[in-house]
Every structure is written in C-alpha cells, then in structure tokens.
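Engineer: Take this structure first; my questions come after.
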Amino acid sequence: MKPGLHPVLGPPASGKTTLALELALEVLKGRGRVLWVGLPHQRAYVYRLLGERGAFLGLEFLSFQALYYRVLAEAGWLRPLLPGAGRVALVGEALRELVGPGVSPGGARLFARAIAELKRHGLSPFALPKEGEAGRLRRVYLAYERRKRGSLDYDDFRHLALRAPLRLFPRPHLVVVDGFRELGPLDLRFLRRLAQRVPVLLTLEVLPEGLTPWKELPRRPLRREVWALANPVEESRHLLKALKRALAPRSLGGEGLGPEEVLIVAPEDRIPGLLLLKEEYGLPLEDGRERALAETEAGERVLALLSPYPTGRDLLALGFSTLGRRALRLGLAGEEALELLAEREGLLEEWRAFLALRTPGPDPLAWGEEVLERLGVAPKEPFLARLRLALRVDRADPLPWWRSLLLDETLPPEVGKGIPVLPPLRAMGVRAKRAYVLEWVAGRYTLGEREDYFLLEELRERGLLRGLPRRLRGLDPLFREAVASRGEEVFLLYPEAGPSGPLEPLEEGRRPGALPPSSRLEALDPLPFHPPLPSRAEGPPSLEVLRRFLEECPFRAYLERFTTLGEEGASGWPLLAKALAQDPEAEALKADGNLGPWLLAHWERLREMKFYRSWGGRRYEMRLDGVRRVGKEVHLYRLLPQGKEADLGRRWTEWKALEALLARQDVEAVHLWVWPWLGDPFPYRKRPFRKGDRLGPLEAIAPRLEEAWALWQEGLFPPRPGGYCYRCRFKDVCRKEAT
C-alpha cells in the first residue's frame with residue numbers, strides 16, 4: 001500500500017478487522033513492521049487472531065495514548081505525565097481558588113470531564129462564552145491550565161503530537177487503527193499527518209465529515225437466535241447450562257467449543273451474579289469489567305478505613321472483630337451509632353483504637369505511610385501518590401479526596417484466561433465464534449446520551465464551539481447492533497418479567513427447549529423438603545398470642561409461645577425486673593450514672609410492683625407487664641421500650657384483666673398506666689375504672705377472641721406473609737418467599 005489514509009467503512013461484523021489482519025499479514029510476510037492501534041482491552045484479542053495464523057514478528061499493539069507517548073519520546077518533548085486523578089485534583093485546586101473551600105470531589109470530577117472533552121476537540125478556554133455555567137467552566141479551565149504548567153495531561157499529548165517531528169524508529173510499513181466507534185478531530189488530524197509518510201488503514205462504522213471511504217464492506221449474515229425466559233434467575237441458569245453444553249466435548253454430547261471461542265455480554269450489574277454461579281456450574285468465567293485500585297484486596301482495606309459512614313463490615317476488614325460483628329448484626333453505620341454501641345457493650349477501647357487509626361496526625365503523609373504498613377498494603381506507592389494529590393487539594397481534610405481519587409484509579413486490563421463476561425462497552429472491538437447477550441430488553445443497552453451540564457445542544461452550534469459533537473445523536477440503534485453482532489453465532493436472552501413487573505424485549509423470541517441438569521444442585525431431587533407445619537399447640541396461649549394469631553401471622557404466634565419475654569425483650573424493663581428479683585434494694589443500679597436518677601425518682605412505685613405476672617385460665621392466660629396493689633385499688637402498667645408509642649388501643653390483655661378485676665369483691669377501682677422505659681408513667685385516662693363503667697374496647701375484643709380461640713383449636717399454624725414480617729425476630733425461618 002502507498003502512503004495515505006485508507007478508511008474502511010462497514011457496519012458491525014462486516015469483516016473490517018479481518019480485512020485489516022489480512023493486509024497486516026501481507027506486510028509481515030514481507031518482513032515489514034506493523035503498528036496496530038486499538039483499545040487497551042483489544043490487545044489479547046488481536047494477538048490471539050494473529051497467533052491463529054502462525055508465528056509472525058513485526059506487529060506491535062499500541063493504544064492511541066501509547067502512540068502519542070512514543071512520538072513525543074522520539075522527539076524529546078516528554079514532560080511529567082498528569083494522570084486522570086491528577087487532573088481531578090488540579091481542578092479541585094482551581095475550584096477552591098475561585099469559590100472557596102466548599103468543593104466536593106464530585107463537583108471537581110464534573111468540571112474535569114468537561115475540560116477533557118474540550119481539550120480532546122482542540123478547544124481552548126477562550127472558545128467558551130463568559131456568561132452562565134459555561135462562563136464558570138471557562139474560569140476553572142483557565143485556572144487549571146495555570147496550575148498544570150510543567151506537566152502534560154492525556155490531551156496535551158494529542159496537541160503536542162500534532163507538532164512534534166515524526167521520528168518513529170523503526171519506521172512502520174503499515175499502521176492499522178481498528179476497534180473505535182468514532183474518532184475525535186485531533187486524532188483524525190494526527191492520522192492524516194502520519195498518513196503522509198506511511199499507509200494508515202482506518203476502520204469505522206460511521207465516517208467523520210469530509211472523509212471518503214477507501215473501501216466499503218457489506219453486512220455479513222450472522223446466525224442469531226432470541227430466547228425468552230420467565231425471569232432473570234431462569235435466564236441466568238439457562239445461559240450457564242447452554243454454556244456448559246457448548247464447552248462439553250462432542251463425545252459427551254456437547255459442542256466442543258473452546259473457552260476462547262465464547263464470550264458473554266451482560267449489563268454491568270448482572271455480572272457479579274453470574275460469577276457467583278460459576279463454581280456451582282464448574283465454568284471458567286472471568287470478570288471482564290474494568291478493575292479499580294479500590295477493588296483490590298488492599299484497596300478494600302484502605303476504603304474501609306476512609307469510609308465516611310463506617311459499618312461493621314469496615315471494622316471487620318480492619319481487624320476490630322468484636323465490635324465489628326456486633327455492629328454488623330445490628331446493621332449499624334456511622335461514627336455516632338458505633339460509638340453508642342461501643343459504650344453500651346463496654347468496647348470503648350476498641351472503638352478508640354479504630355478512631356486513632358483513621359485520624360491523621362500533624363504529618364498526613366507520614367500517617368498515610370504508617371497506616372498502609374499496618375494494613376499490610378504491599379504496593380504503597382499508588383496509594384501514597386493519590387494521598388499526595390489529595391493533600392494538594394485540601395490539606396486540612398484530605399480523606400474524602402483520597403477516597404475519591406482511589407475510586408477513580410483504574411488498573412491495566414488483565415490477559416484473559418477463561419470465558420470473558422463483558423459489560424457492553426468493553427465488548428466493543430472484540431468478537432468470538434459464539435456470543436451470548438444477557439437481558440436483551442429495552443433500556444439496558446444504551447449509550448445514555450443526554451445534554452451536557454455546561455454546554456447545551458444549542459451552544460454546540462455557535463461560534464468556535466461548532467467543533468464539539470452534539471450529545472443527542474440517536475446512536476443507540478447502532479450500538480445495539482454492535483452488541484448483537486459480537487459472534488458468528490449470537491444468542492440473545494431476555495427475561496419476560498423482573499422484580500418490577502413485565503419487561504419489553506428488544507426483539508421477540510421463543511421459549512428455548514429444556515436443557516439437562518448442569519450442576520450438582522440441579523441434579524438433586526427437584527422437589528425440595530418442606531418440614532410439616534405445626535398442627536397442635538399444648539397448653540393455653542396468652543391473649544396477645546391469640547391476637548397476633550388472628551391479626552398477623554399464625555406461624556409467628558405459634559413460635560412466640562416458646563419465648564419468655566416476647567417483643568418487650570428490646571427494652572430494659574425485663575433486665576430491671578431480673579435485677580430487682582436478685583437485689584430488692586438495687587444498690588448497684590442506683591449508683592449507675594444514667595439509670596440511678598430515674599430509678600430514685602420512681603423508687604417507691606417500682607419496689608411495690610410485680611413484673612410480668614401470668615394470670616392463668618382454662619382457655620388462655622393473661623401476662624401483665626406490671627401490677628401494683630394499694631388497698632382495694634389495683635394499678636396495671638403497660639411497660640414500653642424507650643420511644644415506643646402507646647399501643648393499648650389494639651391490645652387485649654389489659655382490657656380483659658380490667659374486666660376480671662372489676663368483677664371481684666376485693667377490688668373497687670383499677671388504674672391503667674402507660675410507662676415508657678426511662679420516662680414518667682402517665683394514666684390512660686384521668687379517672688380510674690370502677691364497677692359499672694362501660695369498657696368500650698371489650699365490645700370489639702369479645703367476638704374476635706372467640707374467633708381466634710376457635711381457629712386455635714383447629715391446630716393450623718401456616719405462615720401468613722405481610723408487612724409485619726420485617727419486624728419478625730424469626731427472620732425467614734418460615735421461608736415466606738416460597739409459600
């Protein structure tokens with residue numbers, strides 16, 4: 001080929017990469033040198049395609065960034081590199097200079113992305129208007145450039161490569177640019193300049209304006225099937241069973257495909273679920289998502305240390321196991337809640353050690369190095385480099401910035417060793433003999449096109465900003481076509497419904513045939529064992545058990561008969577009752593700084609009370625929280641946990657006890673009280689109940705009590721799921737999801 005730019009135009013899966021590989025092989029057979037420019041995650045794919053044709057020397061895979069770096073290195077124009085995290089940090093500095101200290105990492109990231117887009121399209125700050133949000137971006141852009149002097153960010157490499165002498169050594173005989181959906185104007189200008197010396201083959205699906213194709217390729221026919229499954233669980237399991245059959249040898253009834261001949265494309269949030277099932281099915285699935293520094297084992301420990309709202313899981317990751325397990329069991333988060341828990345459980349020393357670990361000293365950099373040493377982080381420099389950037393932005397409070405910069409730091413892609421499970425964007429530029437695409441429904445495979453915050457669509461059509469592409473271009477159909485052509489054979493799967501209801505498929509499919517079991521769990525008896533429900537309850541139930549049996553869940557009511565304190569176990573009343581039974585004078589409790597003043601204020605009343613007394617009957621029993629007798633007057637107390645509202649309106653016990661007490665000759669009046677823990681008791685009504693008073697709630701309780709007793713006698717206690725399940729202490733012992 002002669003020097004020049006040779007654009008190849010074709011739809012997805014039209015053979016553009018195959019054509020580029022054939023031309024590259026011709027050059028390599030003539031002992032020429034080829035530079036293949038593509039996306040970083042394409043490297044292993046391109047080398048595998050080349051290796052399938054034999055052994056060749058002379059082809060080198062580069063990203064655009066690496067190519068620019070080499071051009072500047074040959075020209076001697078290199079300067080210190082400013083990574084992506086450094087750009088965010090410098091933008092944060094610029095924002096603090098312009099608006100003050102109240103700058104968040106998220107705000108700095110928003111400006112950094114906008115600046116990167118402008119620089120990628122060759123626009124300076126002076127191309128922006130001076131008013132509105134675009135004017136604010138202009139000022140931040142100018143301040144960023146002032147602070148960046150002496151170093152180069154990724155887009156500065158593009159600008160300098162357009163002016164640097166082209167001294168590539170050894171000189172390539174062909175440059176292939178493949179795998180990109182679109183090119184920016186600076187990349188295109190560089191390729192035009194490079195094409196004046198060497199032939200450049202450029203493959204694209206949509207050509208930029210002013211570029212005519214050297215060759216156009218037609219659409220190739222692909223085998224495509226669409227499978228409709230009932231729900232996401234059935235969809236995932238059918239995919240894995242189909243994958244197991246595809247990899248099985250032909251001698252065992254499989255299709256004999258190799259792991260390198262298969263790939264899976266799935267929305268990013270579905271990938272962890274598939275990876276969890278790979279051990280069950282014995283499949284070599286590999287996570288194809290872009291890995292971040294914070295997702296490594298060392299990164300997770302550092303993030304646990306920097307969490308703004310620490311949880312029990314964070315404490316466990318850092319070695320504070322006792323407090324961490326208790327916080328995890330209670331679902332607590334945040335320093336205030338954890339400190340209260342530590343104080344209550346007597347774990348203040350462990351809590352103070354945790355605080356000391358996450359509190360920077362006078363020298364934050366030395367503190368960071370010491371913390372990394374204590375956490376066992378071996379590669380310290382990547383973490384310390386981000387800490388230095390965070391200290392540049394906010395030396396007084398660098399931890400939020402350190403955490404944010406670690407979350408943004410990505411790691412180089414790893415060489416694939418199994419079947420890749422790729423998110424949609426990472427699947428661009430790679431193909432396989434067979435591809436499976438998961439959750440082929442509306443809204444899942446989209447580029448998320450939306451207007452820019454700073455530069456709206458109408459601004460992109462004015463003056464110098466005409467070089468910026470429009471954000472709303474309707475590229476989703478082309479993107480979906482690219483996703484659905486990742487293999488010579490493509491199977492598109494979709495669930496007919498999900499947790500939120502029916503789903504709309506992108507293409508209507510058919511129900512696939514049943515596949516044989518592919519894991520040990522599937523090979524077990526398909527009818528799981530269900531323990532028989534209780535059918536008989538010995539002894540009389542309490543009134544509240546009968547009430548919950550009728551109004552809520554019979555199974556829960558049955559189980560609560562075997563507990564001693566019921567729902568009141570969350571308050572301090574049962575513990576106080578036990579303490580008073582052991583020590584009637586409660587000297588130790590009176591000396592307590594929190595409990596003592598309250599106890600002394602109500603001591604006369606508390607010392608005369610009888611706690612949690614059962615009043616038995618033939619059919620049921622009443623368990624009274626607190627009872628105190630003064631002559632012929634009886635005081636009934638409903639004891640509540642701290643902060644809980646009075647519930648006498650729906651209870652049965654106190655009203656049936658009122659009825660029974662007023663029927664006795666030795667009782668003239670009954671006082672009904674509500675007493676919250678650590679609070680003051682207050683009467684249900686101002687005057688006591690006396691003989692002859694109308695007890696209104698009993699009129700509603702009596703028929704419901706008879707109904708509950710009749711059902712109880714039948715001996716059926718099935719689970720009845722409802723909103724009260726979220727307050728149930730027995731969790732999912734009833735397996736309510738399956739009933």
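We name chains A, B, ... following the order of the structure tokens; residues begin at 1 in each chain, and ligands are numbered from 1 as shown.
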DSSP on the backbone, then: every residue of stretch 247-305 of chain A marked strand (DSSP E), written as a PyMOL selection string.
Structural biologist: chain A and resi 262-265+285-287
Engineer: Which residues, written as a PyMOL selection string, have at least one atom at most 7 Å from A:Leu323, with only C-alpha atoms counted and residues fewer than 4 positions away on the same chain left out?
Structural biologist: chain A and resi 327+342+347
Engineer: Give me a file of those residues, with C-alpha atoms, as a PDB file, in the first residue's frame.
Structural biologist:
ATOM      1  CA  ALA A 327     -22.377  -3.697  64.559  1.00  0.00           C
ATOM      2  CA  ALA A 342     -19.196   0.533  71.922  1.00  0.00           C
ATOM      3  CA  LEU A 347     -15.860  -1.867  73.884  1.00  0.00           C
TER       4      LEU A 347
END
Engineer: Counting only C-alpha atoms, what is within 8 Å of A:Leu183, bar same-chain residues fewer than 4 positions away, as a VMD selection string?
Structural biologist: chain A and resid 187 to 188 208
Engineer: With C-alpha atoms retained, could you export that selection as a compact mmCIF listing (two decimals), in the first residue's frame?
Structural biologist:
# COMPACT_ATOMS: atom_id res chain seq x y z
CA ASP A 187 -6.87 12.02 16.44
CA LEU A 188 -8.02 12.34 12.83
CA PRO A 208 -16.46 11.78 10.00
Engineer: List the spatial neighbours of A:Arg613 as an MDAnalysis selection string - criterion: any atom at most 7 Å away, only C-alpha atoms, same-chain residues fewer than 4 positions off excluded.
Structural biologist: chainID A and resid 623:625
Engineer: Write a file of the just-selected residues containing C-alpha atoms, as a compact mmCIF listing (two decimals), in the first residue's frame.
Structural biologist:
# COMPACT_ATOMS: atom_id res chain seq x y z
CA ARG A 623 -49.42 -11.89 81.13
CA LEU A 624 -49.47 -8.49 82.84
CA ASP A 625 -46.40 -6.25 82.44
Engineer: List the neighbours of stretch 537-550 of chain A out to 9 Å using only C-alpha atoms; skip same-chain residues closer than 3 positions along the sequence, and give me the result as a PyMOL selection string.
Structural biologist: chain A and resi 534+553-558+560-561+614+616-623+651-653+656+704-705+707-709+711-713+715+717
Engineer: Give the answer as one residue: which of A:Arg245, A:Arg250, A:Arg628, A:Arg480 has the shortest atom-to-atom distance to A:Ala442, using only C-alpha atoms?
Structural biologist: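 Among the listed residues, the smallest separation from A:Ala442 belongs to A:Arg480.
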Engineer: To one decimal in Å, tell me the separation between atom CA of A:Glu654 and atom CA of A:Leu559.
Structural biologist: 22.4 Å
